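One file, my_file.cif, carrying mmCIF, C-alpha atoms and all ligand atoms:
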```
data_coords
#
loop_
_atom_site.label_atom_id
_atom_site.label_comp_id
_atom_site.auth_asym_id
_atom_site.auth_seq_id
_atom_site.Cartn_x
_atom_site.Cartn_y
_atom_site.Cartn_z
CA MET A 1 5.56 24.80 -6.06
CA ASP A 2 6.33 23.70 -9.61
CA THR A 3 9.10 21.19 -10.19
CA ILE A 4 11.19 21.75 -13.27
CA ILE A 5 10.82 19.96 -16.58
CA GLN A 6 14.09 19.53 -18.44
CA ARG A 7 15.07 18.15 -21.81
CA LEU A 8 17.22 15.03 -21.63
CA ALA A 9 20.31 14.55 -23.75
CA MET A 10 19.22 11.37 -25.56
CA ASP A 11 19.77 10.62 -29.22
CA ASP A 12 16.82 8.85 -30.74
CA PRO A 13 16.88 7.86 -34.41
CA ALA A 14 13.06 7.80 -34.34
CA GLY A 15 13.02 11.54 -33.73
CA ASN A 16 11.52 11.47 -30.24
CA GLU A 17 12.41 14.14 -27.70
CA PHE A 18 12.65 13.08 -24.08
CA TYR A 19 11.88 15.32 -21.11
CA ILE A 20 11.81 14.67 -17.39
CA LYS A 21 9.74 16.30 -14.66
CA ARG A 22 11.86 16.41 -11.54
CA ASP A 23 9.44 15.52 -8.77
CA ASP A 24 12.48 13.98 -7.10
CA LEU A 25 13.36 17.59 -6.30
CA LEU A 26 10.17 18.46 -4.42
CA PRO A 27 11.38 20.48 -1.45
CA PHE A 28 10.56 18.21 1.48
CA SER A 29 12.05 14.99 2.87
CA ILE A 30 14.32 14.34 -0.15
CA GLY A 31 11.44 14.72 -2.58
CA GLY A 32 9.54 12.20 -4.69
CA ASN A 33 5.92 11.59 -5.63
CA LYS A 34 5.22 10.72 -1.99
CA VAL A 35 5.65 14.38 -1.05
CA ARG A 36 2.57 15.32 -3.09
CA ILE A 37 0.73 12.18 -2.02
CA ALA A 38 1.59 12.60 1.70
CA GLU A 39 0.36 16.19 1.59
CA ALA A 40 -2.92 15.00 0.02
CA PHE A 41 -3.36 12.43 2.82
CA TYR A 42 -2.54 15.05 5.43
CA GLN A 43 -5.09 17.50 4.05
CA ASP A 44 -7.63 14.69 3.86
CA MET A 45 -6.99 13.82 7.52
CA LYS A 46 -7.55 17.45 8.53
CA ALA A 47 -10.72 17.67 6.42
CA LYS A 48 -12.07 14.56 8.13
CA GLY A 49 -11.21 15.82 11.61
CA GLY A 50 -8.46 13.28 12.30
CA ASP A 51 -5.56 14.02 14.62
CA THR A 52 -3.52 10.81 14.55
CA MET A 53 -2.15 9.43 11.30
CA ILE A 54 -1.88 5.67 10.82
CA ILE A 55 0.46 4.83 8.00
CA TYR A 56 1.22 1.49 6.42
CA GLY A 57 4.22 0.21 4.55
CA SER A 58 7.59 -1.47 4.74
CA ARG A 59 10.58 -0.12 6.64
CA HIS A 60 12.10 0.75 3.25
CA SER A 61 9.07 2.69 2.09
CA ASN A 62 9.40 6.14 0.55
CA LEU A 63 5.80 6.88 1.55
CA CYS A 64 6.47 6.04 5.21
CA ARG A 65 9.64 8.16 5.16
CA VAL A 66 7.79 11.22 3.89
CA LEU A 67 4.64 10.74 6.01
CA SER A 68 6.58 10.14 9.22
CA ASP A 69 8.65 13.24 8.51
CA LEU A 70 5.60 15.33 7.59
CA CYS A 71 3.76 14.32 10.78
CA PHE A 72 6.79 14.97 12.96
CA SER A 73 7.40 18.38 11.41
CA ARG A 74 3.78 19.37 12.10
CA GLY A 75 3.54 17.89 15.59
CA THR A 76 1.01 15.26 14.49
CA LYS A 77 1.05 11.82 16.09
CA CYS A 78 1.91 9.06 13.64
CA ILE A 79 1.83 5.29 14.01
CA MET A 80 3.24 2.97 11.38
CA ILE A 81 1.91 -0.51 10.71
CA CYS A 82 4.46 -2.74 9.11
CA SER A 83 3.67 -6.22 7.88
CA HIS A 84 6.32 -8.79 7.23
CA GLU A 85 6.85 -12.32 6.10
CA ASP A 86 9.47 -14.56 7.64
CA GLY A 87 12.95 -13.77 6.43
CA GLU A 88 11.77 -10.85 4.31
CA ASP A 89 14.22 -8.07 3.37
CA SER A 90 15.57 -7.46 6.82
CA ALA A 91 18.64 -5.27 6.23
CA PRO A 92 17.89 -1.65 7.11
CA THR A 93 18.18 0.94 4.33
CA ASN A 94 18.43 4.72 4.20
CA ASN A 95 14.65 5.03 4.44
CA THR A 96 14.59 2.70 7.46
CA HIS A 97 17.03 4.95 9.28
CA LEU A 98 15.20 8.15 8.35
CA ILE A 99 11.92 6.67 9.61
CA GLU A 100 13.74 5.70 12.83
CA TRP A 101 14.94 9.29 13.25
CA THR A 102 11.33 10.45 13.58
CA GLY A 103 10.71 8.07 16.48
CA THR A 104 7.49 6.93 14.80
CA LYS A 105 6.00 4.00 16.68
CA ILE A 106 6.13 0.89 14.51
CA VAL A 107 3.56 -1.87 15.03
CA ASN A 108 4.67 -5.07 13.35
CA CYS A 109 2.22 -7.69 12.17
CA ALA A 110 2.04 -10.66 9.84
CA LYS A 111 0.75 -10.16 6.28
CA ASN A 112 -2.54 -11.90 7.12
CA GLU A 113 -3.14 -9.76 10.22
CA ILE A 114 -3.21 -6.31 8.68
CA ALA A 115 -6.97 -5.70 9.02
CA GLN A 116 -7.13 -6.69 12.68
CA THR A 117 -3.98 -4.71 13.45
CA VAL A 118 -5.38 -1.57 11.81
CA GLU A 119 -8.59 -2.03 13.77
CA ARG A 120 -6.78 -2.55 17.08
CA VAL A 121 -4.54 0.51 16.57
CA MET A 122 -7.58 2.63 15.63
CA LYS A 123 -9.42 1.47 18.75
CA GLU A 124 -6.44 2.25 20.99
CA ILE A 125 -6.23 5.78 19.59
CA GLN A 126 -9.97 6.32 20.12
CA GLU A 127 -9.78 5.02 23.69
CA SER A 128 -7.07 7.56 24.50
CA GLY A 129 -9.24 10.38 23.12
CA GLY A 130 -7.70 10.68 19.65
CA VAL A 131 -9.29 10.61 16.20
CA PRO A 132 -7.44 8.12 14.01
CA TYR A 133 -6.98 8.54 10.28
CA TYR A 134 -5.84 5.50 8.33
CA ILE A 135 -4.34 6.55 5.02
CA TYR A 136 -5.99 3.70 3.10
CA GLY A 137 -9.48 4.12 4.57
CA ASP A 138 -11.04 1.28 6.54
CA ARG A 139 -9.33 -1.72 8.09
CA TYR A 140 -9.35 -3.54 4.77
CA GLY A 141 -7.58 -0.62 3.13
CA LYS A 142 -10.71 0.49 1.24
CA GLY A 143 -12.52 3.78 1.01
CA ASN A 144 -9.76 6.28 0.44
CA GLU A 145 -8.88 5.61 -3.19
CA GLY A 146 -9.59 9.19 -4.25
CA ALA A 147 -7.33 11.00 -1.77
CA ALA A 148 -3.96 9.99 -3.23
CA ALA A 149 -5.26 10.45 -6.79
CA ARG A 150 -5.97 14.09 -6.00
CA ALA A 151 -2.23 14.78 -5.65
CA TYR A 152 -1.38 13.88 -9.24
CA ALA A 153 -4.61 15.19 -10.71
CA GLU A 154 -3.38 18.55 -9.41
CA ALA A 155 0.16 17.92 -10.61
CA TYR A 156 -1.31 17.33 -14.06
CA GLY A 157 -2.63 20.88 -13.98
CA GLU A 158 0.90 21.99 -13.18
CA ILE A 159 2.20 20.12 -16.24
CA LEU A 160 -0.42 21.82 -18.45
CA ARG A 161 0.62 25.22 -17.14
CA GLN A 162 4.25 24.39 -17.80
CA GLU A 163 3.39 23.34 -21.34
CA GLN A 164 1.78 26.72 -21.94
CA GLU A 165 4.72 28.61 -20.49
CA SER A 166 7.28 26.67 -22.51
CA GLY A 167 5.29 26.25 -25.71
CA LEU A 168 5.91 22.49 -25.63
CA THR A 169 3.19 19.88 -25.88
CA PHE A 170 3.81 16.37 -24.62
CA ASP A 171 2.30 13.44 -26.45
CA TYR A 172 3.10 10.89 -23.76
CA ILE A 173 3.65 10.90 -20.02
CA PHE A 174 5.35 7.84 -18.56
CA CYS A 175 5.56 7.06 -14.85
CA PRO A 176 6.50 4.05 -12.76
CA CYS A 177 3.44 2.16 -11.55
CA GLY A 178 3.55 0.67 -8.04
CA THR A 179 0.23 1.10 -6.25
CA GLY A 180 -0.98 3.04 -9.27
CA ALA A 181 -1.90 6.18 -7.30
CA THR A 182 0.34 8.42 -9.38
CA GLN A 183 -0.93 7.06 -12.69
CA THR A 184 -4.51 7.27 -11.43
CA GLY A 185 -4.07 10.95 -10.59
CA LEU A 186 -2.38 11.79 -13.89
CA THR A 187 -5.11 9.98 -15.80
CA CYS A 188 -7.79 11.92 -13.87
CA GLY A 189 -5.99 15.14 -14.79
CA HIS A 190 -5.90 14.06 -18.42
CA LEU A 191 -9.63 13.25 -18.41
CA LEU A 192 -10.43 16.58 -16.76
CA ALA A 193 -8.44 18.39 -19.44
CA GLY A 194 -9.89 16.28 -22.23
CA ASP A 195 -6.57 16.44 -24.06
CA GLY A 196 -4.82 13.99 -26.34
CA LYS A 197 -1.98 12.84 -24.10
CA LYS A 198 -1.37 9.20 -23.41
CA ILE A 199 -0.54 8.39 -19.78
CA ILE A 200 1.46 5.18 -19.53
CA GLY A 201 2.39 3.38 -16.33
CA VAL A 202 5.41 1.08 -16.37
CA MET A 203 4.79 -1.71 -13.89
CA ILE A 204 7.69 -2.31 -11.52
CA SER A 205 6.24 -5.20 -9.50
CA SER A 206 4.74 -8.59 -10.27
CA ARG A 207 1.25 -7.51 -9.22
CA GLU A 208 -1.22 -9.09 -11.63
CA THR A 209 -1.81 -6.77 -14.57
CA THR A 210 -5.60 -7.17 -14.45
CA ARG A 211 -5.52 -6.32 -10.74
CA ALA A 212 -3.33 -3.25 -11.31
CA TYR A 213 -5.70 -2.15 -14.05
CA GLN A 214 -8.69 -2.63 -11.77
CA VAL A 215 -7.08 -0.60 -8.94
CA ILE A 216 -6.47 2.31 -11.30
CA GLU A 217 -9.99 2.12 -12.67
CA GLU A 218 -11.48 2.10 -9.14
CA GLY A 219 -9.25 5.05 -8.21
CA ILE A 220 -10.44 7.08 -11.20
CA ARG A 221 -14.08 6.31 -10.37
CA ALA A 222 -13.52 7.23 -6.71
CA TYR A 223 -11.93 10.53 -7.71
CA PHE A 224 -14.82 11.48 -9.99
CA ALA A 225 -17.37 10.35 -7.39
CA GLU A 226 -15.79 12.92 -5.06
CA HIS A 227 -15.95 15.60 -7.77
CA PRO A 228 -19.56 15.43 -8.95
CA GLY A 229 -19.31 18.77 -10.78
CA VAL A 230 -16.99 17.28 -13.40
CA ARG A 231 -18.31 13.74 -13.49
CA GLU A 232 -19.41 13.98 -17.11
CA ARG A 233 -15.75 14.25 -18.16
CA MET A 234 -15.17 10.63 -17.19
CA PRO A 235 -16.08 8.20 -19.97
CA GLU A 236 -18.07 5.22 -18.74
CA ASP A 237 -15.63 2.86 -20.45
CA LEU A 238 -12.16 3.65 -19.15
CA SER A 239 -10.32 0.90 -21.02
CA ALA A 240 -9.03 3.26 -23.71
CA GLU A 241 -7.51 5.56 -21.05
CA ILE A 242 -5.56 3.18 -18.83
CA HIS A 243 -2.23 2.09 -20.31
CA LEU A 244 -0.12 -0.33 -18.34
CA LEU A 245 3.11 -1.92 -19.47
CA ASP A 246 3.89 -5.24 -17.80
CA ALA A 247 6.72 -6.43 -20.04
CA TYR A 248 9.51 -4.58 -18.26
CA ARG A 249 9.11 -5.52 -14.63
CA GLN A 250 11.75 -8.24 -14.85
CA ASP A 251 11.39 -10.67 -11.93
CA GLY A 252 9.19 -8.38 -9.84
CA TYR A 253 9.48 -5.80 -7.11
CA GLY A 254 13.07 -4.99 -6.20
CA LYS A 255 14.52 -7.33 -8.84
CA TYR A 256 16.59 -5.90 -11.67
CA ASP A 257 19.30 -6.94 -14.07
CA ALA A 258 22.32 -5.33 -15.75
CA ARG A 259 20.11 -3.38 -18.19
CA VAL A 260 18.54 -1.41 -15.34
CA GLU A 261 21.98 -0.90 -13.78
CA ALA A 262 23.32 0.37 -17.09
CA CYS A 263 20.37 2.79 -17.27
CA ILE A 264 21.27 4.18 -13.83
CA ARG A 265 24.88 4.76 -14.88
CA GLU A 266 23.95 6.20 -18.23
CA GLN A 267 21.42 8.71 -16.89
CA TYR A 268 23.71 9.74 -14.08
CA LEU A 269 26.66 10.19 -16.45
CA THR A 270 24.86 11.83 -19.38
CA ASN A 271 22.16 13.88 -17.63
CA GLY A 272 23.35 13.97 -14.03
CA ILE A 273 20.09 12.42 -12.85
CA PRO A 274 19.82 9.91 -9.99
CA LEU A 275 17.57 6.93 -10.77
CA ASP A 276 17.00 4.03 -8.39
CA PRO A 277 16.84 0.40 -9.53
CA ILE A 278 13.49 -0.41 -7.87
CA TYR A 279 11.24 2.29 -9.33
CA THR A 280 12.59 5.03 -11.53
CA ALA A 281 15.42 3.32 -13.42
CA LYS A 282 13.33 0.24 -14.10
CA ALA A 283 10.49 2.39 -15.40
CA PHE A 284 12.81 4.66 -17.36
CA TRP A 285 14.47 1.66 -18.97
CA GLY A 286 11.01 0.17 -19.65
CA MET A 287 9.94 3.43 -21.29
CA THR A 288 12.90 3.43 -23.68
CA GLU A 289 12.31 -0.23 -24.55
CA TYR A 290 8.62 0.42 -25.17
CA VAL A 291 9.26 3.46 -27.33
CA ARG A 292 11.47 1.31 -29.52
CA ASP A 293 9.26 -1.83 -29.42
CA ALA A 294 6.10 0.14 -30.24
CA ALA A 295 7.91 2.23 -32.89
CA VAL A 296 6.91 5.55 -31.30
CA ARG A 297 8.15 8.32 -33.61
CA ASP A 298 8.59 12.07 -33.63
CA SER A 299 6.91 12.51 -30.26
CA ARG A 300 7.53 14.58 -27.17
CA ILE A 301 7.79 12.21 -24.27
CA LEU A 302 7.71 13.24 -20.61
CA PHE A 303 9.01 10.94 -17.90
CA LEU A 304 7.82 11.71 -14.39
CA HIS A 305 10.74 11.29 -12.00
CA THR A 306 8.96 9.98 -8.91
CA GLY A 307 11.96 10.24 -6.56
CA GLY A 308 13.34 7.43 -4.46
CA THR A 309 16.64 9.23 -4.02
CA PRO A 310 17.41 7.38 -0.75
CA LEU A 311 17.18 4.16 -2.80
CA PHE A 312 19.60 5.63 -5.33
CA PHE A 313 22.08 6.05 -2.49
CA ASP A 314 21.37 2.53 -1.19
CA TYR A 315 22.32 1.37 -4.66
CA VAL A 316 25.42 3.55 -4.94
CA THR A 317 26.68 2.20 -1.62
CA HIS A 318 26.38 -1.40 -2.73
CA SER A 319 27.23 -1.14 -6.42
CA SER A 320 30.51 -1.65 -8.21
CA LYS A 321 32.85 1.31 -7.86
CA GLN A 322 34.39 0.80 -11.32
CA PRO A 323 33.51 2.88 -14.38
CA VAL A 324 31.35 0.74 -16.65
CA PHE A 325 31.37 2.73 -19.90
C1 LIG B 401 5.84 4.92 -4.49
C2 LIG B 401 6.77 5.16 -5.61
C3 LIG B 401 6.41 4.91 -6.93
C4 LIG B 401 5.09 4.30 -7.30
O1 LIG B 401 4.04 5.21 -7.21
P1 LIG B 401 2.56 4.68 -7.13
O2 LIG B 401 1.74 5.90 -7.02
O3 LIG B 401 2.49 3.81 -5.89
O4 LIG B 401 2.28 3.87 -8.34
C5 LIG B 401 7.31 5.21 -7.93
N1 LIG B 401 8.52 5.72 -7.65
C6 LIG B 401 8.91 5.95 -6.40
C7 LIG B 401 10.27 6.47 -6.18
C8 LIG B 401 8.06 5.69 -5.33
O5 LIG B 401 8.45 5.93 -4.08
#
```
Would you mind giving the structure from this file in structure tokens?
Amino acid sequence: MDTIIQRLAMDDPAGNEFYIKRDDLLPFSIGGNKVRIAEAFYQDMKAKGGDTMIIYGSRHSNLCRVLSDLCFSRGTKCIMICSHEDGEDSAPTNNTHLIEWTGTKIVNCAKNEIAQTVERVMKEIQESGGVPYYIYGDRYGKGNEGAAARAYAEAYGEILRQEQESGLTFDYIFCPCGTGATQTGLTCGHLLAGDGKKIIGVMISSRETTRAYQVIEEGIRAYFAEHPGVRERMPEDLSAEIHLLDAYRQDGYGKYDARVEACIREQYLTNGIPLDPIYTAKAFWGMTEYVRDAAVRDSRILFLHTGGTPLFFDYVTHSSKQPVF
């Protein structure tokens, strides 16, 4: 199902037009990019003969919210592995509660025990006659880089169709970059199409830029390795195709200042769009800064709204109740 693309009311003296693709409105589990990605994992599990999904993430995770909901709604067993460091972000959030609603079993472990915990959980499932599927592949989280990329490679095809229907052509697509799966998929779609768009990921965490770059590159290679029929569309040197902005992540994951907060208010008030401070507002703000800093002119710019609406409501609950403009 296509999500809508809408023009944003934003005055830009440089003549750029801003659009937003509302993947926050995907019709399952409050939407977001994780709806497409969770479906890709689910299909991959089925294709590989798995019957028990092992998911990994924090109690605040959008991915774990959607996957736990998807598994419950389809009667598929789901076990969540959750690593933690002492004193780490302990207050429950909207996502925490929604994950709790599904009754998904949560196995806690320390950050340096993830591999052995994945292995133990997989073994337990096998011993009780099940076929485990770990979303990230093997116990080290390797081997499944292509599955999540598939989701946004397909979504890219949707964007191309929407361009044809509307007669608009986008010069840039911006998205928040966390694990990089979304950007990887979009970039695969762009390479498959061989078009002139620039796909730009706005980093939202303090992950090393070279590492983030490497993860995206590996993901693209994994995707094309799984699609041998189109392999010649991938250039051997991918450096001209992977664009990562690391200047707008502020102090790292979950950290944001008044500029991101102002962006949330402004987009809510002028376009009626919910943005959260951790992913979408930080990336949206980063996009507008970049467009100015890099003197982008007279372009059509598409921002992919990757969801996180429960985090928007976490923010609303804890933010100032006074008008700020
Ligand atoms: C997970 C997530 C992202 C980051 O997507 P990646 O594919 O991990 O880079 C961005 N926005 C929201 C709301 C998310 O939940």
Pick the closest to ligand LIG 401 (chain B) from A:Cys71, A:Val107, A:Ala148, A:Ile125: which is it, counting only C-alpha atoms and all ligand atoms?
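The answer is A:Ala148, which sits nearest to ligand LIG 401 (chain B).
The coordinates place CA of Gly31 in chain A at 12.7 Å from CA of Cys64 in chain A.
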For the atom pair CA of Asn33 in chain A and CA of Ala295 in chain A, what is the interatomic distance in Å to one decimal place?
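Distance between the two atoms: 28.9 Å.
Counting from CA of Thr309 in chain A, the distance to CA of Tyr290 in chain A is 24.3 Å.
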Let me see if you get this right: every residue at most 6 Å from ligand LIG 401 (chain B), counting only C-alpha atoms and all ligand atoms, written as a count of residues only.
14
Measuring atom to atom with only C-alpha atoms, identify which of A:Asn144, A:Thr317, A:Thr187, A:Ser73 is nearest to Ala222 in chain A.
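Looking at the shortest contact to Ala222 in chain A, the residue is A:Asn144.
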Write out as a VMD selection string each polymer residue whose atoms come within 8 Å of Tyr172 in chain A, counting only C-alpha atoms; drop sequence neighbours fewer than 6 positions from it.
chain A and resid 197 to 200 299 to 302
Go through A:Arg65, A:Leu311, A:Val291, A:Leu245 one by one, measure the shortest atom-to-atom distance of each to Asp276 in chain A using all atoms listed in the file, and give the residue with the smallest value.
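Of A:Arg65, A:Leu311, A:Val291, A:Leu245, the one nearest Asp276 in chain A is A:Leu311, counting all atoms listed in the file.
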Got a sec: who's within 12 Å of Gly196 in chain A, counting all atoms listed in the file, leaving out chain neighbours fewer than 4 positions off, as a PyMOL selection string?
chain A and resi 160+169-173+187+189-192+240-241
Given the choices A:Glu17, A:Asp246, A:Asp2, A:Asp69, which gets closest to Tyr42 in chain A if the distance is worked out from only C-alpha atoms?
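Of the candidates, the smallest distance to Tyr42 in chain A is held by A:Asp69.
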